[in-house]
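One file, my_file.pdb, is given below (PDB, C-alpha atoms and all ligand atoms).
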```
MODEL        1
ATOM      1  CA  MET A   6      16.385   7.135   0.111  1.00  0.00           C
ATOM      2  CA  LYS A   7      19.028   7.273  -2.597  1.00  0.00           C
ATOM      3  CA  GLU A   8      20.873   4.132  -1.553  1.00  0.00           C
ATOM      4  CA  GLU A   9      17.697   2.067  -1.644  1.00  0.00           C
ATOM      5  CA  ALA A  10      16.798   3.405  -5.094  1.00  0.00           C
ATOM      6  CA  GLU A  11      20.199   2.343  -6.396  1.00  0.00           C
ATOM      7  CA  LYS A  12      19.852  -1.138  -4.942  1.00  0.00           C
ATOM      8  CA  ILE A  13      16.416  -1.463  -6.549  1.00  0.00           C
ATOM      9  CA  ILE A  14      17.762  -0.566  -9.985  1.00  0.00           C
ATOM     10  CA  LYS A  15      20.609  -3.066  -9.557  1.00  0.00           C
ATOM     11  CA  GLY A  16      18.155  -5.833  -8.666  1.00  0.00           C
ATOM     12  CA  GLN A  17      19.522  -6.131  -5.138  1.00  0.00           C
ATOM     13  CA  PHE A  18      16.363  -5.023  -3.350  1.00  0.00           C
ATOM     14  CA  CYS A  19      12.732  -5.987  -3.979  1.00  0.00           C
ATOM     15  CA  PRO A  20      10.619  -2.822  -4.371  1.00  0.00           C
ATOM     16  CA  TYR A  21       7.416  -4.794  -3.660  1.00  0.00           C
ATOM     17  CA  CYS A  22       8.410  -6.658  -0.503  1.00  0.00           C
ATOM     18  CA  LYS A  23      11.182  -4.289   0.661  1.00  0.00           C
ATOM     19  CA  CYS A  24      13.537  -7.205   1.113  1.00  0.00           C
ATOM     20  CA  GLU A  25      16.876  -8.445  -0.209  1.00  0.00           C
ATOM     21  CA  THR A  26      17.252 -10.611  -3.300  1.00  0.00           C
ATOM     22  CA  LYS A  27      19.353 -13.607  -4.283  1.00  0.00           C
ATOM     23  CA  LEU A  28      21.114 -14.555  -7.505  1.00  0.00           C
ATOM     24  CA  VAL A  29      19.548 -17.755  -8.842  1.00  0.00           C
ATOM     25  CA  SER A  30      19.653 -19.846 -12.001  1.00  0.00           C
ATOM     26  CA  GLY A  31      16.777 -20.117 -14.482  1.00  0.00           C
ATOM     27  CA  ASP A  32      15.795 -23.466 -13.002  1.00  0.00           C
ATOM     28  CA  GLU A  33      14.500 -21.639  -9.929  1.00  0.00           C
ATOM     29  CA  VAL A  34      12.625 -19.037 -11.970  1.00  0.00           C
ATOM     30  CA  TYR A  35      11.079 -21.577 -14.332  1.00  0.00           C
ATOM     31  CA  PRO A  36      10.894 -24.787 -12.262  1.00  0.00           C
ATOM     32  CA  HIS A  37       8.356 -26.397 -14.615  1.00  0.00           C
ATOM     33  CA  ARG A  38      10.682 -25.971 -17.599  1.00  0.00           C
ATOM     34  CA  THR A  39      13.571 -28.061 -16.277  1.00  0.00           C
ATOM     35  CA  ASN A  40      12.520 -31.179 -18.210  1.00  0.00           C
ATOM     36  CA  ASP A  41      12.540 -29.464 -21.607  1.00  0.00           C
ATOM     37  CA  ASP A  42      14.540 -31.194 -24.297  1.00  0.00           C
ATOM     38  CA  PRO A  43      16.561 -29.523 -25.730  1.00  0.00           C
ATOM     39  CA  ARG A  44      17.235 -27.444 -22.653  1.00  0.00           C
ATOM     40  CA  PRO A  45      16.354 -23.761 -23.322  1.00  0.00           C
ATOM     41  CA  LYS A  46      19.242 -21.304 -22.879  1.00  0.00           C
ATOM     42  CA  PHE A  47      17.334 -19.077 -20.433  1.00  0.00           C
ATOM     43  CA  LEU A  48      17.444 -21.863 -17.836  1.00  0.00           C
ATOM     44  CA  ASP A  49      21.216 -21.456 -17.593  1.00  0.00           C
ATOM     45  CA  LYS A  50      20.989 -17.686 -17.184  1.00  0.00           C
ATOM     46  CA  LYS A  51      21.194 -15.987 -13.799  1.00  0.00           C
ATOM     47  CA  TYR A  52      18.348 -13.957 -12.307  1.00  0.00           C
ATOM     48  CA  TYR A  53      17.887 -11.795  -9.248  1.00  0.00           C
ATOM     49  CA  MET A  54      14.961 -13.149  -7.284  1.00  0.00           C
ATOM     50  CA  CYS A  55      13.079 -11.779  -4.282  1.00  0.00           C
ATOM     51  CA  LEU A  56      13.668 -13.710  -1.054  1.00  0.00           C
ATOM     52  CA  LEU A  57       9.960 -13.632  -0.189  1.00  0.00           C
ATOM     53  CA  ASN A  58       8.136 -14.011  -3.516  1.00  0.00           C
ATOM     54  CA  SER A  59       9.557 -16.070  -6.376  1.00  0.00           C
ATOM     55  CA  ASN A  60       7.365 -14.203  -8.898  1.00  0.00           C
ATOM     56  CA  HIS A  61       9.503 -11.079  -8.343  1.00  0.00           C
ATOM     57  CA  TYR A  62      12.605 -11.403 -10.474  1.00  0.00           C
ATOM     58  CA  VAL A  63      14.741  -9.812 -13.184  1.00  0.00           C
ATOM     59  CA  GLY A  64      17.255 -11.247 -15.641  1.00  0.00           C
ATOM     60  CA  THR A  65      20.927 -10.389 -16.022  1.00  0.00           C
ATOM     61  CA  TYR A  66      23.138  -9.317 -18.914  1.00  0.00           C
ATOM     62  CA  SER A  67      25.471 -11.847 -20.542  1.00  0.00           C
ATOM     63  CA  ASP A  68      27.913 -11.499 -17.619  1.00  0.00           C
ATOM     64  CA  ASN A  69      25.249 -13.243 -15.470  1.00  0.00           C
ATOM     65  CA  ILE A  70      25.787 -10.726 -12.660  1.00  0.00           C
ATOM     66  CA  THR A  71      24.663  -7.266 -13.876  1.00  0.00           C
ATOM     67  CA  SER A  72      20.891  -7.025 -13.546  1.00  0.00           C
ATOM     68  CA  LEU A  73      18.802  -5.811 -16.481  1.00  0.00           C
ATOM     69  CA  GLY A  74      17.061  -3.477 -14.042  1.00  0.00           C
ATOM     70  CA  ARG A  75      14.658  -3.646 -11.157  1.00  0.00           C
ATOM     71  CA  LEU A  76      12.711  -6.722 -10.075  1.00  0.00           C
ATOM     72  CA  ALA A  77       9.390  -7.069 -11.863  1.00  0.00           C
ATOM     73  CA  ASP A  78       6.125  -8.836 -11.228  1.00  0.00           C
ATOM     74  CA  THR A  79       3.816 -10.330 -13.869  1.00  0.00           C
ATOM     75  CA  GLU A  80       2.159  -6.998 -14.742  1.00  0.00           C
ATOM     76  CA  LEU A  81       5.454  -5.129 -15.058  1.00  0.00           C
ATOM     77  CA  ARG A  82       7.029  -7.904 -17.138  1.00  0.00           C
ATOM     78  CA  LYS A  83       4.126  -7.640 -19.575  1.00  0.00           C
ATOM     79  CA  LEU A  84       4.529  -3.850 -19.841  1.00  0.00           C
ATOM     80  CA  LYS A  85       8.318  -4.064 -20.276  1.00  0.00           C
ATOM     81  CA  ASN A  86       7.796  -6.429 -23.212  1.00  0.00           C
ATOM     82  CA  GLN A  87       5.102  -4.187 -24.649  1.00  0.00           C
ATOM     83  CA  GLY A  88       7.454  -1.220 -24.234  1.00  0.00           C
ATOM     84  CA  HIS A  89      10.274  -2.916 -26.125  1.00  0.00           C
ATOM     85  CA  ASN A  90       7.876  -4.058 -28.839  1.00  0.00           C
ATOM     86  CA  THR A  91       6.733  -0.455 -29.322  1.00  0.00           C
ATOM     87  CA  PHE A  92      10.081   1.290 -28.904  1.00  0.00           C
ATOM     88  CA  ASP A  93      12.648  -1.025 -30.516  1.00  0.00           C
ATOM     89  CA  PRO A  94      11.197  -0.911 -34.064  1.00  0.00           C
ATOM     90  CA  LEU A  95      11.595   2.900 -34.002  1.00  0.00           C
ATOM     91  CA  TRP A  96      15.368   2.509 -34.274  1.00  0.00           C
ATOM     92  CA  LYS A  97      15.770  -1.053 -35.527  1.00  0.00           C
ATOM     93  CA  THR A  98      13.996  -0.271 -38.782  1.00  0.00           C
ATOM     94  CA  LYS A  99      15.694   3.160 -38.957  1.00  0.00           C
ATOM     95  CA  ASN A 100      12.353   4.594 -40.031  1.00  0.00           C
ATOM     96  CA  ILE A 101      12.303   7.164 -37.232  1.00  0.00           C
ATOM     97  CA  PHE A 102      15.710   7.107 -35.550  1.00  0.00           C
ATOM     98  CA  GLN A 103      18.974   6.392 -37.284  1.00  0.00           C
ATOM     99  CA  SER A 104      20.488   4.727 -34.225  1.00  0.00           C
ATOM    100  CA  GLN A 105      19.616   3.191 -30.874  1.00  0.00           C
ATOM    101  CA  LYS A 106      21.505   6.030 -29.177  1.00  0.00           C
ATOM    102  CA  LEU A 107      19.347   8.706 -30.829  1.00  0.00           C
ATOM    103  CA  ALA A 108      16.184   6.833 -29.864  1.00  0.00           C
ATOM    104  CA  TYR A 109      17.220   6.656 -26.195  1.00  0.00           C
ATOM    105  CA  ASP A 110      18.257  10.330 -26.254  1.00  0.00           C
ATOM    106  CA  TRP A 111      14.752  11.184 -27.418  1.00  0.00           C
ATOM    107  CA  LEU A 112      13.025   8.931 -24.857  1.00  0.00           C
ATOM    108  CA  SER A 113      15.191  10.243 -22.026  1.00  0.00           C
ATOM    109  CA  GLU A 114      14.161  13.801 -22.870  1.00  0.00           C
ATOM    110  CA  LYS A 115      10.475  12.858 -23.103  1.00  0.00           C
ATOM    111  CA  MET A 116      10.573  10.972 -19.802  1.00  0.00           C
ATOM    112  CA  GLU A 117      12.603  13.744 -18.160  1.00  0.00           C
ATOM    113  CA  LEU A 118      15.019  11.106 -16.872  1.00  0.00           C
ATOM    114  CA  PRO A 119      18.816  10.902 -17.073  1.00  0.00           C
ATOM    115  CA  LEU A 120      19.974   8.706 -19.945  1.00  0.00           C
ATOM    116  CA  GLU A 121      21.365   6.038 -17.605  1.00  0.00           C
ATOM    117  CA  LEU A 122      17.902   5.586 -16.052  1.00  0.00           C
ATOM    118  CA  THR A 123      16.099   5.479 -19.390  1.00  0.00           C
ATOM    119  CA  HIS A 124      15.653   1.726 -19.786  1.00  0.00           C
ATOM    120  CA  PHE A 125      12.468  -0.304 -19.773  1.00  0.00           C
ATOM    121  CA  GLY A 126      14.160  -2.646 -17.313  1.00  0.00           C
ATOM    122  CA  MET A 127      14.282   0.195 -14.794  1.00  0.00           C
ATOM    123  CA  PHE A 128      10.832   1.647 -15.391  1.00  0.00           C
ATOM    124  CA  THR A 129       7.824   1.302 -13.115  1.00  0.00           C
ATOM    125  CA  VAL A 130       4.406   0.332 -14.506  1.00  0.00           C
ATOM    126  CA  GLU A 131       3.483   4.027 -14.839  1.00  0.00           C
ATOM    127  CA  GLN A 132       6.763   4.895 -16.578  1.00  0.00           C
ATOM    128  CA  CYS A 133       6.323   2.006 -19.021  1.00  0.00           C
ATOM    129  CA  LYS A 134       2.833   3.235 -19.875  1.00  0.00           C
ATOM    130  CA  ARG A 135       4.071   6.802 -20.398  1.00  0.00           C
ATOM    131  CA  ALA A 136       6.941   5.649 -22.599  1.00  0.00           C
ATOM    132  CA  ILE A 137       4.593   3.522 -24.715  1.00  0.00           C
ATOM    133  CA  GLU A 138       2.288   6.520 -25.172  1.00  0.00           C
ATOM    134  CA  PHE A 139       5.217   8.714 -26.290  1.00  0.00           C
ATOM    135  CA  CYS A 140       6.219   6.098 -28.859  1.00  0.00           C
ATOM    136  CA  LYS A 141       2.687   5.727 -30.166  1.00  0.00           C
ATOM    137  CA  ASN A 142       2.273   9.496 -30.535  1.00  0.00           C
ATOM    138  CA  LEU A 143       5.555   9.846 -32.366  1.00  0.00           C
ATOM    139  CA  ASP A 144       3.814   9.949 -35.732  1.00  0.00           C
ATOM    140  CA  ASN A 145       2.257  13.280 -34.767  1.00  0.00           C
ATOM    141  CA  GLU A 146       5.459  15.144 -34.053  1.00  0.00           C
ATOM    142  CA  ASN A 147       8.707  16.005 -35.752  1.00  0.00           C
ATOM    143  CA  VAL A 148      11.863  14.554 -34.282  1.00  0.00           C
TER
HETATM  144 ZN    ZN A 201       9.311  -9.311  -3.594  1.00  0.00          ZN
ENDMDL
END
```

Go through the file and emit its structure as structure tokens.
Amino acid sequence: MKEEAEKIIKGQFCPYCKCETKLVSGDEVYPHRTNDDPRPKFLDKKYYMCLLNSNHYVGTYSDNITSLGRLADTELRKLKNQGHNTFDPLWKTKNIFQSQKLAYDWLSEKMELPLELTHFGMFTVEQCKRAIEFCKNLDNENV
């Protein structure tokens, strides 16, 4: 179902519970952090959260409305972070890729995904694992 897939990527539909989501503030995502002093910035950010399970959520860009991708659970959040930690240095240090654009072009080709869907925020657990493997094996190939 194409429409459902689009809603998932926009954070409007929970792929785990098959339900709608709501836009909430960081206080709802991190209820135990509300007494921090000074108040961390991520508490004032907006997140899309599953209506049925508050552990299913995704952050938004600086506009506080565009989701960073699909809702994630604990396992997927861990893999997204691992993915960024493996992939980002490839272009940030300019050791492998001279720009972020070139790095995403490469990853999109490897993942056989359109460029607009080549983001860790949109990947499933399996896609994150594949992407991490591609990055790790990069030393063995010419780009
Ligand atoms: Zn859910």

(request) Throw together the list of residues within 7 Å of ligand ZN 201 (chain A), counting all atoms listed in the file, and drop it here as an MDAnalysis selection string. (result) chainID A and resid 19:24 55:58 61

(message) Between A:Ala108, A:Phe139, A:Tyr52, A:Ser30, which residue has the minimum interatomic distance to Gly74 of chain A, considering all atoms listed in the file?
(response)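 Looking only at the distances to Gly74 of chain A, the closest residue turns out to be A:Tyr52.
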
Within 10 Å of file point (8.0, 11.9, -13.3), counting all atoms listed in the file, expressed as a PDB file with C-alpha atoms, keeping the file's coordinate frame:
```pdb
ATOM      1  CA  MET A 116      10.573  10.972 -19.802  1.00  0.00           C
ATOM      2  CA  GLU A 117      12.603  13.744 -18.160  1.00  0.00           C
ATOM      3  CA  LEU A 118      15.019  11.106 -16.872  1.00  0.00           C
ATOM      4  CA  GLU A 131       3.483   4.027 -14.839  1.00  0.00           C
ATOM      5  CA  GLN A 132       6.763   4.895 -16.578  1.00  0.00           C
ATOM      6  CA  ARG A 135       4.071   6.802 -20.398  1.00  0.00           C
TER       7      ARG A 135
END
```

(request) Name the residues captured by the PyMOL selection byres (((chain A and resi 121) around 12) and not hetatm) when it is applied to the shown file; answer as a ChimeraX atom specification. (result) /A:11,14,74,106,109-110,112-114,117-120,122-128

(request) Point out the residue among A:Leu107, A:Thr129, A:Gly16, A:Leu95 with the least atom-to-atom distance to Lys141 of chain A, counting all atoms listed in the file. (result)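 Closest candidate: A:Leu95.
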